[in-house]
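Peer 1: Starting off with a structure, shown below.
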Number of protein chains: 2
Amino acid sequence: MKKHIFNAGPCKLPEVVLRDTAEAVLNLNDSGLSILEVSHRGMEFMPIIHEAKKLLMELLNIPEEYSVLFLGGGASMQFVMVPYNFLNKKAAYLNTGYWSRKAIKEAELFGEVVITASCEDSNYTTIPRDYKIPRDADYFHVTTNNTIEGTELFEDIDSPVPLIADMSSDILTRRVDVSKYALIYGGAQKNMGPAGAAFVIVRKDALGKVNREIPSMLNYLVHIEDDSLYNTPPCFAIYTLRETLKWVKEQGGVSEMEKRAKKKADFLYDAIDSSKVFTGMAEKNSRSRMNICFALKDEYKNKEADFIRHTSDRGIVGLQGHRAVGGFRASCYNAMELESVHFLAYTMKEFEKMILK
Amino acid sequence: MKKHIFNAGPCKLPEVVLRDTAEAVLNLNDSGLSILEVSHRGMEFMPIIHEAKKLLMELLNIPEEYSVLFLGGGASMQFVMVPYNFLNKKAAYLNTGYWSRKAIKEAELFGEVVITASCEDSNYTTIPRDYKIPRDADYFHVTTNNTIEGTELFEDIDSPVPLIADMSSDILTRRVDVSKYALIYGGAQKNMGPAGAAFVIVRKDALGKVNREIPSMLNYLVHIEDDSLYNTPPCFAIYTLRETLKWVKEQGGVSEMEKRAKKKADFLYDAIDSSKVFTGMAEKNSRSRMNICFALKDEYKNKEADFIRHTSDRGIVGLQGHRAVGGFRASCYNAMELESVHFLAYTMKEFEKMILK
């Protein structure tokens, strides 16, 4: 039975990426060596990490004054590295949900943190739009897609202070004007590859402005100087990431991914909005294209487990909402096929008919 | 042509581990899902990380009051986490080479660092043996195997203060009395699996004694509380690590690995010592079993490139010494086969005959 993988991350990857990766584990480019056995400073691996950087620069149209890094540790480590490298006195954060709050918590160890706006009042079902970024902040931090609450900020904000964005879950799914950001970061494990690597895109002249001493591994300048090879990088994750970037390019690049994301999300939200038993969780103008969060209407809430069983019996995987919010979540990252989205909508309709009978 | 992989890390892994891993990238346990696509909190991955921990506990005879963690970031991140979590006022470090110095550099950001003993005078070709560990130090840090200089400390030191060891390159290659250590850490990419994960073995009651606030991702207690799942772990690296631990167990465990390591190292050092053109770099009683560093005698130094060519023409990979010390280095981690060591010794003899002709 075909599996339809709606996992929130780690998540579905393109089949060709999986095949190439499995082959590289056995025999990398016919070298007789596995990708797991080659030196990170050798002639087998160096072209891989360089091509990955080049592809990301090209796909996102990253200006030359930016550096691209691939590091271990995931986005959570960036919650620490960002204030370590940027927070002198005061930072401004937009609080749009679970992951914003995690980032804020770490920043508070390094200085004053101002919550510029929060959507706590709406239980994080919206994205705040009216707020003023304090001009004396060292930077303004946003989470562009909120994986758990299913909301998304599609705008590249005009910020009077350096703009820093966690794009873990929507990088490469919409066109972004990188020049508006001082730093963009994220875990790879949604749209860029497997768990085990983080990407950082940083404008070099935004760095080096804090007074504190920074441990080498947490210092962006150290990693830039050593071209992501200050220590042994997560070579395998970077290999799969390179394959994923190649796939994005071959499919038509970020604008094509954006078209597909819109198509998949529109189709699924239509199915939810036209349903008699399901309801969307985020407010319409804040809805994420990546994480489509929905629930059974109050009168059918007791059927939650039935719906999970109904879908998993049909090969649909990963639909349980995050434990913090409940309900269901269909994550539709770049590798998600439109056919699987159609199949999920069909299965929802089927379930609706069953319980309304 | 068969490749003989003497890379210093990432390095050779057992063939069965590579085959299993490639299979899991395509289809994990016949689930129809790739190891790269499953949720780190799901029923596919949880048993993998739990078994990995259990296997490590068993293989190293780790007492119950210890926690085992698998984290991203490599050993270099541990150079930061150790002082963050342990250094209140003063730490003592044994300086045995390149990696010790890296660890010392990071610790100096957090408090006073005393170099208890150094083998700088011998150009790091020895391991210091006569020294006194200061009783007022928060901990005493050692690097048990020096990958670059080819020296190894085989002893589990009796320390009056918590003993912390970087065992990146000799973990699982000799029996260790874990109960003598407060913390043991290392990168996985030598004897435990691929690059992209670090292991930490820590006695729980040694933690929580510093006054500073610690960022969540750098706090051992946070990772212990969340059982290595505070954030998305490097799932793939942990899978391969689990397969590697299974292999070690199937082969006869750590005492068998120790026997093999001794056999391989003895054979190669004998070949070096009986050679007319090669010479060992480390002093005999400090020689590493893992990284066998040797060089051409002064009068043949001009033949270095010839020897590299001679060996690589025969499928021998990774013999170039680290740029910091030069010469050659044959890394013989657990997965290295005795046959490859024999072949290297034969090739050295062949080369010797050629140049002496």
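Letters A, B, ... go to the chains of the structure tokens in the order shown; residues in each chain start at 1; ligands are counted from 1 in the same order.
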Taking only residues of segment 257-353 of chain B that have an atom at most 12 Å from an atom of segment 177-195 of chain B, what is each one's shortest atom pair and its distance in Å to one decimal, using only C-alpha atoms, in chain and number order, as a tab-separated table?
Peer 2:
```
residue	atom	partner	partner_atom	distance
B:Met257	CA	B:Asn191	CA	10.1
B:Glu258	CA	B:Asn191	CA	11.9
B:Ala261	CA	B:Asn191	CA	11.4
B:Met290	CA	B:Lys190	CA	9.4
B:Asn291	CA	B:Lys190	CA	10.8
B:Ser331	CA	B:Lys190	CA	9.2
B:Cys332	CA	B:Lys190	CA	9.4
B:Tyr333	CA	B:Asn191	CA	5.9
B:Asn334	CA	B:Asn191	CA	5.8
B:Ala335	CA	B:Asn191	CA	7.4
B:Met336	CA	B:Asn191	CA	9.8
```
Peer 1: Contacts from chain A to chain B, 8 Å maximum, only C-alpha atoms: show me the residue list as JSON, numbers by chain.
Peer 2: {"A": [2, 3, 5, 7, 8, 9, 10, 11, 12, 13, 18, 19, 21, 22, 23, 25, 26, 32, 33, 34, 36, 37, 38, 39, 40, 71, 72, 73, 74, 76, 77, 80, 106, 109, 194, 195, 196, 197, 213, 215, 216, 217, 231, 232, 233, 234, 235, 236, 237, 318]}
Peer 1: Could you pull the residues within 7 Å of segment 276-287 of chain A, counting only C-alpha atoms, minus those fewer than 2 positions along the same chain, as a list in words?
Peer 2: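 Skipping anything fewer than 2 positions along the chain leaves Thr125, Thr126, Ile127, Gly150, Thr151, Glu152, Ile272, Asp273, Ser274, Arg289, Cys293, Phe294, Ala295, Leu296, Lys297, Tyr300 and Glu352 of chain A.
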Peer 1: Neighbours of segment 90-92 of chain A within 12 Å (only C-alpha atoms; same-chain residues fewer than 3 positions away dropped), as a ChimeraX atom specification?
Peer 2: /A:82-87,95,100,103-118,131-142,159-165,210
Peer 1: Could you save the residues just selected, with N, CA and C atoms, as a CSV table (one decimal), in the first residue's frame?
Peer 2:
```
chain,number,residue,atom,x,y,z
A,82,VAL,N,21.8,32.9,17.7
A,82,VAL,CA,21.3,34.3,17.2
A,82,VAL,C,21.6,35.3,18.3
A,83,PRO,N,21.1,35.1,19.6
A,83,PRO,CA,21.4,36.2,20.6
A,83,PRO,C,22.9,36.2,21.0
A,84,TYR,N,23.5,35.1,21.0
A,84,TYR,CA,25.0,35.1,21.3
A,84,TYR,C,25.7,36.0,20.3
A,85,ASN,N,25.3,36.0,19.1
A,85,ASN,CA,26.0,36.8,18.0
A,85,ASN,C,25.5,38.1,17.8
A,86,PHE,N,24.2,38.4,18.2
A,86,PHE,CA,23.6,39.7,17.8
A,86,PHE,C,23.1,40.5,19.0
A,87,LEU,N,22.8,39.9,20.1
A,87,LEU,CA,22.1,40.7,21.2
A,87,LEU,C,23.1,41.4,22.1
A,95,ASN,N,6.0,37.2,18.7
A,95,ASN,CA,5.6,36.0,19.3
A,95,ASN,C,4.4,35.4,18.6
A,100,SER,N,8.4,30.4,18.3
A,100,SER,CA,8.8,31.8,18.7
A,100,SER,C,9.1,31.8,20.2
A,103,ALA,N,12.4,30.4,21.0
A,103,ALA,CA,13.5,31.3,20.6
A,103,ALA,C,13.6,32.4,21.6
A,104,ILE,N,12.5,33.0,22.1
A,104,ILE,CA,12.4,34.1,23.0
A,104,ILE,C,13.1,33.6,24.4
A,105,LYS,N,12.7,32.5,24.8
A,105,LYS,CA,13.3,32.0,26.1
A,105,LYS,C,14.8,31.9,26.1
A,106,GLU,N,15.4,31.5,25.0
A,106,GLU,CA,16.8,31.4,24.9
A,106,GLU,C,17.4,32.8,24.9
A,107,ALA,N,16.8,33.7,24.1
A,107,ALA,CA,17.3,35.1,24.0
A,107,ALA,C,17.4,35.8,25.3
A,108,GLU,N,16.4,35.5,26.2
A,108,GLU,CA,16.3,36.2,27.5
A,108,GLU,C,17.5,36.0,28.3
A,109,LEU,N,18.3,34.9,28.1
A,109,LEU,CA,19.5,34.7,28.8
A,109,LEU,C,20.6,35.7,28.4
A,110,PHE,N,20.4,36.4,27.3
A,110,PHE,CA,21.5,37.3,26.8
A,110,PHE,C,21.2,38.8,26.9
A,111,GLY,N,20.0,39.2,27.2
A,111,GLY,CA,19.7,40.6,27.3
A,111,GLY,C,18.2,40.8,27.4
A,112,GLU,N,17.8,42.1,27.2
A,112,GLU,CA,16.4,42.4,27.3
A,112,GLU,C,15.7,41.9,26.0
A,113,VAL,N,14.6,41.3,26.2
A,113,VAL,CA,13.8,40.9,25.0
A,113,VAL,C,12.4,41.6,25.1
A,114,VAL,N,12.1,42.3,24.0
A,114,VAL,CA,10.8,43.0,23.9
A,114,VAL,C,9.9,42.2,23.0
A,115,ILE,N,8.7,41.9,23.4
A,115,ILE,CA,7.8,41.2,22.5
A,115,ILE,C,7.0,42.3,21.8
A,116,THR,N,7.4,42.4,20.5
A,116,THR,CA,6.9,43.5,19.7
A,116,THR,C,5.4,43.3,19.5
A,117,ALA,N,5.0,42.1,19.3
A,117,ALA,CA,3.5,41.8,19.2
A,117,ALA,C,3.4,40.3,19.4
A,118,SER,N,2.2,40.0,19.9
A,118,SER,CA,2.0,38.6,20.2
A,118,SER,C,0.6,38.2,19.7
A,131,TYR,N,2.1,46.6,14.4
A,131,TYR,CA,3.0,46.8,15.5
A,131,TYR,C,4.1,47.7,15.0
A,132,LYS,N,4.9,48.1,16.0
A,132,LYS,CA,6.0,49.0,15.7
A,132,LYS,C,7.3,48.3,16.2
A,133,ILE,N,8.2,48.2,15.3
A,133,ILE,CA,9.5,47.6,15.7
A,133,ILE,C,10.3,48.6,16.4
A,134,PRO,N,10.8,48.4,17.6
A,134,PRO,CA,11.6,49.4,18.3
A,134,PRO,C,12.9,49.7,17.6
A,135,ARG,N,13.2,50.9,17.3
A,135,ARG,CA,14.4,51.3,16.5
A,135,ARG,C,15.7,51.1,17.3
A,136,ASP,N,15.6,50.9,18.6
A,136,ASP,CA,16.8,50.7,19.4
A,136,ASP,C,17.1,49.2,19.6
A,137,ALA,N,16.4,48.4,19.0
A,137,ALA,CA,16.6,46.9,19.2
A,137,ALA,C,17.8,46.5,18.3
A,138,ASP,N,18.6,45.5,18.8
A,138,ASP,CA,19.7,45.0,18.0
A,138,ASP,C,19.2,44.2,16.8
A,139,TYR,N,18.0,43.6,16.9
A,139,TYR,CA,17.5,42.9,15.8
A,139,TYR,C,16.0,42.6,16.1
A,140,PHE,N,15.3,42.3,15.0
A,140,PHE,CA,13.9,41.9,15.1
A,140,PHE,C,13.8,40.5,14.6
A,141,HIS,N,13.2,39.6,15.4
A,141,HIS,CA,13.2,38.2,15.1
A,141,HIS,C,11.7,37.7,14.8
A,142,VAL,N,11.6,37.0,13.7
A,142,VAL,CA,10.2,36.4,13.4
A,142,VAL,C,10.4,35.0,13.0
A,159,SER,N,12.0,46.2,8.0
A,159,SER,CA,12.4,46.4,9.4
A,159,SER,C,13.5,47.5,9.5
A,160,PRO,N,13.3,48.4,10.5
A,160,PRO,CA,14.4,49.5,10.7
A,160,PRO,C,15.6,48.9,11.4
A,161,VAL,N,15.5,47.7,11.9
A,161,VAL,CA,16.7,47.1,12.5
A,161,VAL,C,16.9,45.7,11.9
A,162,PRO,N,18.1,45.1,12.0
A,162,PRO,CA,18.4,43.9,11.3
A,162,PRO,C,17.3,42.8,11.5
A,163,LEU,N,16.8,42.3,10.5
A,163,LEU,CA,15.7,41.3,10.5
A,163,LEU,C,16.2,39.9,10.5
A,164,ILE,N,15.8,39.1,11.5
A,164,ILE,CA,16.3,37.7,11.6
A,164,ILE,C,15.1,36.8,11.5
A,165,ALA,N,15.1,35.8,10.7
A,165,ALA,CA,13.9,34.9,10.5
A,165,ALA,C,14.3,33.4,10.7
A,210,VAL,N,28.7,42.4,18.6
A,210,VAL,CA,28.5,42.2,20.0
A,210,VAL,C,29.8,42.3,20.8
```
Peer 1: Give me the residues near Lys54 of chain B as a PDB file with N, CA and C atoms, in the first residue's frame, where near means some atom within 10 Å (using only C-alpha atoms) and where sequence neighbours in that chain fewer than 6 positions away do not count.
Peer 2:
```
ATOM      1  N   ILE B  48      14.490   2.738  18.019  1.00  0.00           N
ATOM      2  CA  ILE B  48      15.869   2.794  17.516  1.00  0.00           C
ATOM      3  C   ILE B  48      16.769   3.527  18.502  1.00  0.00           C
ATOM      4  N   ILE B  62      27.855   0.402  31.583  1.00  0.00           N
ATOM      5  CA  ILE B  62      27.617   1.720  32.188  1.00  0.00           C
ATOM      6  C   ILE B  62      26.690   1.564  33.396  1.00  0.00           C
ATOM      7  N   VAL B  68      22.816   8.257  29.084  1.00  0.00           N
ATOM      8  CA  VAL B  68      23.440   8.248  27.764  1.00  0.00           C
ATOM      9  C   VAL B  68      22.655   9.207  26.865  1.00  0.00           C
ATOM     10  N   ARG B 242      23.212   2.887  15.871  1.00  0.00           N
ATOM     11  CA  ARG B 242      22.595   1.692  16.472  1.00  0.00           C
ATOM     12  C   ARG B 242      23.061   0.435  15.733  1.00  0.00           C
ATOM     13  N   LEU B 245      26.591  -0.348  16.803  1.00  0.00           N
ATOM     14  CA  LEU B 245      26.644  -0.950  18.142  1.00  0.00           C
ATOM     15  C   LEU B 245      26.206  -2.412  18.095  1.00  0.00           C
TER      16      LEU B 245
END
```
Peer 1: Could you list, as a count of residues only, every residue within 9 Å of Lys259 of chain A, counting only C-alpha atoms and ignoring same-chain residues fewer than 5 positions away?
Peer 2: 4
Peer 1: Which of segment 122-319 of chain A counts as strand (DSSP E) under DSSP, as a PyMOL selection string please?
Peer 2: chain A and resi 140-143+145-146+151-152+163-166+183-187+198-203+278-280+291-296+316-317
Peer 1: Go ahead and write the residues just picked, C-alpha atoms, as a PDB file, in the first residue's frame.
Peer 2:
```
ATOM      1  CA  PHE A 140      13.885  41.897  15.135  1.00  0.00           C
ATOM      2  CA  HIS A 141      13.157  38.155  15.099  1.00  0.00           C
ATOM      3  CA  VAL A 142      10.249  36.438  13.356  1.00  0.00           C
ATOM      4  CA  THR A 143       9.155  32.839  12.818  1.00  0.00           C
ATOM      5  CA  ASN A 145       5.845  29.650   9.510  1.00  0.00           C
ATOM      6  CA  ASN A 146       4.380  28.247  12.684  1.00  0.00           C
ATOM      7  CA  THR A 151      -0.065  30.015  10.550  1.00  0.00           C
ATOM      8  CA  GLU A 152       2.333  31.709   8.164  1.00  0.00           C
ATOM      9  CA  LEU A 163      15.658  41.309  10.509  1.00  0.00           C
ATOM     10  CA  ILE A 164      16.267  37.710  11.560  1.00  0.00           C
ATOM     11  CA  ALA A 165      13.940  34.897  10.540  1.00  0.00           C
ATOM     12  CA  ASP A 166      13.438  31.286  11.491  1.00  0.00           C
ATOM     13  CA  LEU A 183      20.027  36.334   8.897  1.00  0.00           C
ATOM     14  CA  ILE A 184      17.736  33.477   7.893  1.00  0.00           C
ATOM     15  CA  TYR A 185      18.057  30.086   9.558  1.00  0.00           C
ATOM     16  CA  GLY A 186      16.279  26.806   9.959  1.00  0.00           C
ATOM     17  CA  GLY A 187      16.492  23.071  10.408  1.00  0.00           C
ATOM     18  CA  ALA A 198      20.715  23.462   9.997  1.00  0.00           C
ATOM     19  CA  PHE A 199      21.155  26.116   7.322  1.00  0.00           C
ATOM     20  CA  VAL A 200      22.164  29.707   8.004  1.00  0.00           C
ATOM     21  CA  ILE A 201      22.109  32.538   5.471  1.00  0.00           C
ATOM     22  CA  VAL A 202      23.793  35.588   6.944  1.00  0.00           C
ATOM     23  CA  ARG A 203      24.855  39.016   5.724  1.00  0.00           C
ATOM     24  CA  PHE A 278     -14.226  19.440   9.821  1.00  0.00           C
ATOM     25  CA  THR A 279     -13.123  22.968  10.563  1.00  0.00           C
ATOM     26  CA  GLY A 280      -9.887  24.888  10.017  1.00  0.00           C
ATOM     27  CA  ASN A 291       0.962  22.936   7.931  1.00  0.00           C
ATOM     28  CA  ILE A 292      -2.746  22.679   7.418  1.00  0.00           C
ATOM     29  CA  CYS A 293      -4.268  22.358  10.871  1.00  0.00           C
ATOM     30  CA  PHE A 294      -7.868  21.276  11.202  1.00  0.00           C
ATOM     31  CA  ALA A 295     -10.159  19.634  13.704  1.00  0.00           C
ATOM     32  CA  LEU A 296     -13.520  17.945  13.949  1.00  0.00           C
ATOM     33  CA  ILE A 316      -2.067   8.148   5.454  1.00  0.00           C
ATOM     34  CA  VAL A 317       0.699   8.833   7.963  1.00  0.00           C
TER      35      VAL A 317
END
```
Peer 1: In Å, how far is it from atom CA of Pro47 of chain A to atom CA of Glu64 of chain A?
Peer 2: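 Taking atom CA of Pro47 of chain A and atom CA of Glu64 of chain A, their separation equals 19.4 Å.
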Peer 1: Using Å and a single decimal, report how far atom CA of Pro14 of chain A sits from atom CA of Leu60 of chain A.
Peer 2: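 About the pair atom CA of Leu60 of chain A and atom CA of Pro14 of chain A: they are 19.5 Å apart.
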Peer 1: Could you pull the residues within 9 Å of Thr311 of chain B, counting only C-alpha atoms, minus those fewer than 4 positions along the same chain, as number ranges by chain?
Peer 2: B: 306-307, 315-317, 319, 344, 347-348, 351
Peer 1: What are the DSSP helix (DSSP H, G or I) residues of segment 272-338 of chain A, as a list in words?
Peer 2: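 Matching residues, listed in order: Ile272, Asp273, Lys284, Asn285, Ser286, Asp298, Glu299, Tyr300, Lys301, Asn302, Lys303, Glu304, Ala305, Asp306, Phe307, Ile308, Arg309, His310, Thr311, Ser312 and Leu338 of chain A.
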Peer 1: Separation of atom CA of Ala206 of chain B and atom CA of Lys89 of chain B, in Å?
Peer 2: 15.6 Å
Peer 1: Rank B:Val325, B:Asp313, B:Arg129, B:Glu350 by their smallest atom-to-atom distance to Ile157 of chain B, using only C-alpha atoms, and report the top residue only.
Peer 2: B:Arg129
